[in-house]
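K.L.:
Please find one structure pasted underneath; my questions will follow.
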Amino acid sequence: MLHSPLLAPMPVPPAVRDFAAFERHVSNAGKAAVGDGTVSPVWYEYPLFYFSNPAAIKGPHDEIPIDPGAQSWDYEVKVAAVIAGDCSNLDAATAEKHIAGYLVYCDWSARDISASEMGFVYGPSKSKDASTSLGPFLVTPDELESYRSAKGYALRMDGYVNDEHYGGGSWDEIHWSFGEMLAHASRGTTLRAGDILASGPAGTGCIQELSGHRPCLAPGDTVRIEVRELGAICARITAPEPS
């Protein structure tokens, strides 16, 4: 059993924003979904995000039930920033000073439900709001400074299922920096202390991108989402909870 008393570092964040900041993921996901890996020009204009569910936060070792009705259950290898204090209208060049720390982030995704939802303009909703794992701890930016590289850090981000490496990449492959993400998210509004902003998956950081070469998750599978220097989320997948 992987149950643990260890809670998420932010058990109930005020808001959760999830971006798609890795170009390789966006291209791979498009290719897997519709056979075309061309990235929309809109994606290069500004960092896109959707709001996720603050009530769905799970600890780093909590079991994860498959979303009721989902047939294609997936993980996502992400890193997230936690906002240190209320801030608004940030400048991308200095926005990172408002980050209290970073942690490993995995929102569990129902790909079959998402395929239907993404055909409409609202984007993901029920395909993404069942469970989001955070942890195992918050790492302050100064602890990572020696790894600074390009727009991120030279740190591996990887996903494993039943101890088999499925895929991943490096944080410094990121196209949109966290400073750019914070600046965009804070424009004309206020980010609150404790808000979570996630990067979106690293390239090959989810089963969807592997184009049928790996099966979707099933009850009994164990998943490890690992980011060097930030630790790992380790979760056992269980059957859907009774509705």
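Identifiers in the structure tokens: chain A, B, ... in order shown; residue index from 1 per chain; ligand index from 1 in order shown.
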Just want the 9 Å neighbourhood of region 216-223 of chain A, counted on only C-alpha atoms, with same-chain residues fewer than 2 positions away dropped. Output as a list in words.
P.N.:
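Contacts, with the query itself left out: Leu2, Pro65, Ile66, Gln71, Ser72, Trp73, Asp74, Tyr75, Gly159, Tyr160, Val161, Asn162, Asp163, Ile207, Gln208, Gly212, Arg214, Ile225, Ile233, Cys234, Ala235, Arg236, Ile237, Thr238, Ala239 and Pro240 of chain A.
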K.L.:
Can you tell me, as a list in words, what residues are no more than 10 Å from Asn53 (chain A) when counting only C-alpha atoms, ignoring any on the same chain fewer than 2 positions away?
P.N.:
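Listing them by chain and then by number gives Val12, Pro13, Pro14, Ala15, Val16, Arg17, Phe51, Ala55, Ala56, Ile57, Asp107, Ser125, Lys126, Lys128, Asp129, Ala130, Ser131 and Thr132 of chain A.
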K.L.:
List every residue of region 135-234 of chain A that DSSP, applied to the backbone, labels as alpha helix (DSSP H), and write the result as a ChimeraX atom specification.
P.N.:
/A:141-144,178-186
K.L.:
Restricting the output to N, CA, C and O atoms, write the selected residues as an mmCIF file, in the first residue's frame.
P.N.:
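Listed below is the output, part29.cif:
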```cif
data_model
loop_
_atom_site.group_PDB
_atom_site.id
_atom_site.type_symbol
_atom_site.label_atom_id
_atom_site.label_comp_id
_atom_site.auth_asym_id
_atom_site.auth_seq_id
_atom_site.Cartn_x
_atom_site.Cartn_y
_atom_site.Cartn_z
ATOM 1 N N PRO A 141 13.197 28.625 -4.647
ATOM 2 C CA PRO A 141 13.971 28.891 -5.859
ATOM 3 C C PRO A 141 15.478 28.945 -5.648
ATOM 4 O O PRO A 141 16.256 28.523 -6.516
ATOM 5 N N ASP A 142 15.929 29.443 -4.493
ATOM 6 C CA ASP A 142 17.368 29.538 -4.260
ATOM 7 C C ASP A 142 18.035 28.169 -4.235
ATOM 8 O O ASP A 142 19.216 28.038 -4.577
ATOM 9 N N GLU A 143 17.283 27.143 -3.845
ATOM 10 C CA GLU A 143 17.842 25.794 -3.815
ATOM 11 C C GLU A 143 18.077 25.233 -5.214
ATOM 12 O O GLU A 143 18.815 24.260 -5.384
ATOM 13 N N LEU A 144 17.448 25.819 -6.216
ATOM 14 C CA LEU A 144 17.570 25.333 -7.594
ATOM 15 C C LEU A 144 18.475 26.204 -8.456
ATOM 16 O O LEU A 144 18.749 25.849 -9.607
ATOM 17 N N PHE A 178 8.386 30.464 -16.187
ATOM 18 C CA PHE A 178 7.410 30.740 -15.141
ATOM 19 C C PHE A 178 7.205 32.246 -14.970
ATOM 20 O O PHE A 178 6.105 32.694 -14.641
ATOM 21 N N GLY A 179 8.245 33.046 -15.224
ATOM 22 C CA GLY A 179 8.055 34.490 -15.186
ATOM 23 C C GLY A 179 7.043 34.949 -16.209
ATOM 24 O O GLY A 179 6.178 35.791 -15.931
ATOM 25 N N GLU A 180 7.114 34.394 -17.411
ATOM 26 C CA GLU A 180 6.157 34.748 -18.461
ATOM 27 C C GLU A 180 4.759 34.246 -18.131
ATOM 28 O O GLU A 180 3.762 34.937 -18.380
ATOM 29 N N MET A 181 4.672 33.072 -17.551
ATOM 30 C CA MET A 181 3.362 32.543 -17.161
ATOM 31 C C MET A 181 2.730 33.391 -16.066
ATOM 32 O O MET A 181 1.535 33.718 -16.118
ATOM 33 N N LEU A 182 3.526 33.777 -15.067
ATOM 34 C CA LEU A 182 3.000 34.610 -13.986
ATOM 35 C C LEU A 182 2.571 35.980 -14.504
ATOM 36 O O LEU A 182 1.521 36.504 -14.104
ATOM 37 N N ALA A 183 3.363 36.554 -15.381
ATOM 38 C CA ALA A 183 3.013 37.871 -15.916
ATOM 39 C C ALA A 183 1.686 37.819 -16.661
ATOM 40 O O ALA A 183 0.825 38.697 -16.493
ATOM 41 N N HIS A 184 1.503 36.793 -17.470
ATOM 42 C CA HIS A 184 0.253 36.678 -18.226
ATOM 43 C C HIS A 184 -0.930 36.426 -17.293
ATOM 44 O O HIS A 184 -1.982 37.071 -17.420
ATOM 45 N N ALA A 185 -0.758 35.510 -16.332
ATOM 46 C CA ALA A 185 -1.866 35.170 -15.433
ATOM 47 C C ALA A 185 -2.266 36.349 -14.553
ATOM 48 O O ALA A 185 -3.442 36.480 -14.176
ATOM 49 N N SER A 186 -1.316 37.210 -14.206
ATOM 50 C CA SER A 186 -1.589 38.303 -13.260
ATOM 51 C C SER A 186 -2.092 39.575 -13.930
ATOM 52 O O SER A 186 -2.455 40.533 -13.240
#
```
K.L.:
Which residue gives the smallest distance to Leu210 (chain A) among A:Tyr46, A:Gly167, A:Ser133, A:Ala95, with only C-alpha atoms counted?
P.N.:
A:Gly167
K.L.:
Pick from A:Asp172, A:Asp67, A:Asp62, A:Glu23: nearest to Val79 (chain A), with only C-alpha atoms counted?
P.N.:
A:Asp172
K.L.:
As an exercise, work out the distance from CA of Ser40 (chain A) to CA of Gly203 (chain A) in Å and give it to one decimal place.
P.N.:
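CA of Gly203 (chain A) lies at a distance of 16.6 Å from CA of Ser40 (chain A).
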K.L.:
Identify all residues of region 139-242 of chain A in strand (DSSP E or B) (DSSP on the backbone) and supply them as a ChimeraX atom specification.
P.N.:
/A:139,148-149,152-153,156-161,164-170,190-191,196-198,217,222-227,231-238
K.L.:
With C-alpha atoms kept, could you save the residues just selected as a CSV table (one decimal), in the first residue's frame?
P.N.:
```
chain,number,residue,atom,x,y,z
A,139,VAL,CA,11.5,23.6,-2.8
A,148,ARG,CA,19.4,27.4,-14.0
A,149,SER,CA,19.3,26.8,-17.7
A,152,GLY,CA,14.0,26.8,-16.7
A,153,TYR,CA,16.4,24.5,-14.9
A,156,ARG,CA,14.9,15.8,-15.4
A,157,MET,CA,11.2,15.3,-15.4
A,158,ASP,CA,10.1,11.7,-15.8
A,159,GLY,CA,7.1,9.3,-15.6
A,160,TYR,CA,7.2,5.7,-14.6
A,161,VAL,CA,4.4,3.0,-14.6
A,164,GLU,CA,9.0,1.1,-16.2
A,165,HIS,CA,10.2,4.4,-17.6
A,166,TYR,CA,7.5,5.7,-20.0
A,167,GLY,CA,8.9,9.1,-20.9
A,168,GLY,CA,9.8,12.6,-19.9
A,169,GLY,CA,12.2,15.4,-20.6
A,170,SER,CA,14.1,18.3,-19.0
A,190,THR,CA,-4.6,39.3,-8.6
A,191,LEU,CA,-2.7,36.1,-7.9
A,196,ILE,CA,-0.7,27.1,-8.0
A,197,LEU,CA,0.6,27.6,-11.5
A,198,ALA,CA,1.6,24.4,-13.3
A,217,LEU,CA,-3.6,3.2,-16.6
A,222,THR,CA,1.6,2.2,-9.6
A,223,VAL,CA,2.8,5.6,-11.1
A,224,ARG,CA,5.8,7.6,-10.1
A,225,ILE,CA,6.1,11.2,-11.3
A,226,GLU,CA,9.7,12.4,-10.6
A,227,VAL,CA,11.4,15.8,-11.0
A,231,GLY,CA,11.2,14.5,-5.3
A,232,ALA,CA,8.4,12.3,-6.6
A,233,ILE,CA,4.7,11.6,-6.5
A,234,CYS,CA,4.1,7.9,-6.0
A,235,ALA,CA,0.4,6.8,-6.5
A,236,ARG,CA,-1.5,3.5,-6.8
A,237,ILE,CA,-4.4,3.6,-9.3
A,238,THR,CA,-7.6,2.2,-8.0
```
K.L.:
I'd like to know which of A:Thr38, A:Asn89, A:Ser146, A:Ser52 is closest to Gly200 (chain A), using only C-alpha atoms.
P.N.:
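Smallest separation from Gly200 (chain A) among the options: A:Ser52.
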K.L.:
Using only C-alpha atoms for the distances, tell me which of A:Asn28, A:Ser199, A:Thr140, A:Thr204 is nearest to Tyr102 (chain A).
P.N.:
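Smallest distance to Tyr102 (chain A) is found for A:Thr140.
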K.L.:
Have a look at A:Ala20, A:Leu90, A:Leu134, A:Ile99 and name the one nearest to Gly188 (chain A); count only C-alpha atoms.
P.N.:
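Nearest candidate to Gly188 (chain A) out of A:Ala20, A:Leu90, A:Leu134, A:Ile99: A:Leu90.
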K.L.:
Between A:Leu230, A:Leu155, A:His98, A:Ser27, which is the closest to Arg192 (chain A) once you count only C-alpha atoms?
P.N.:
A:His98
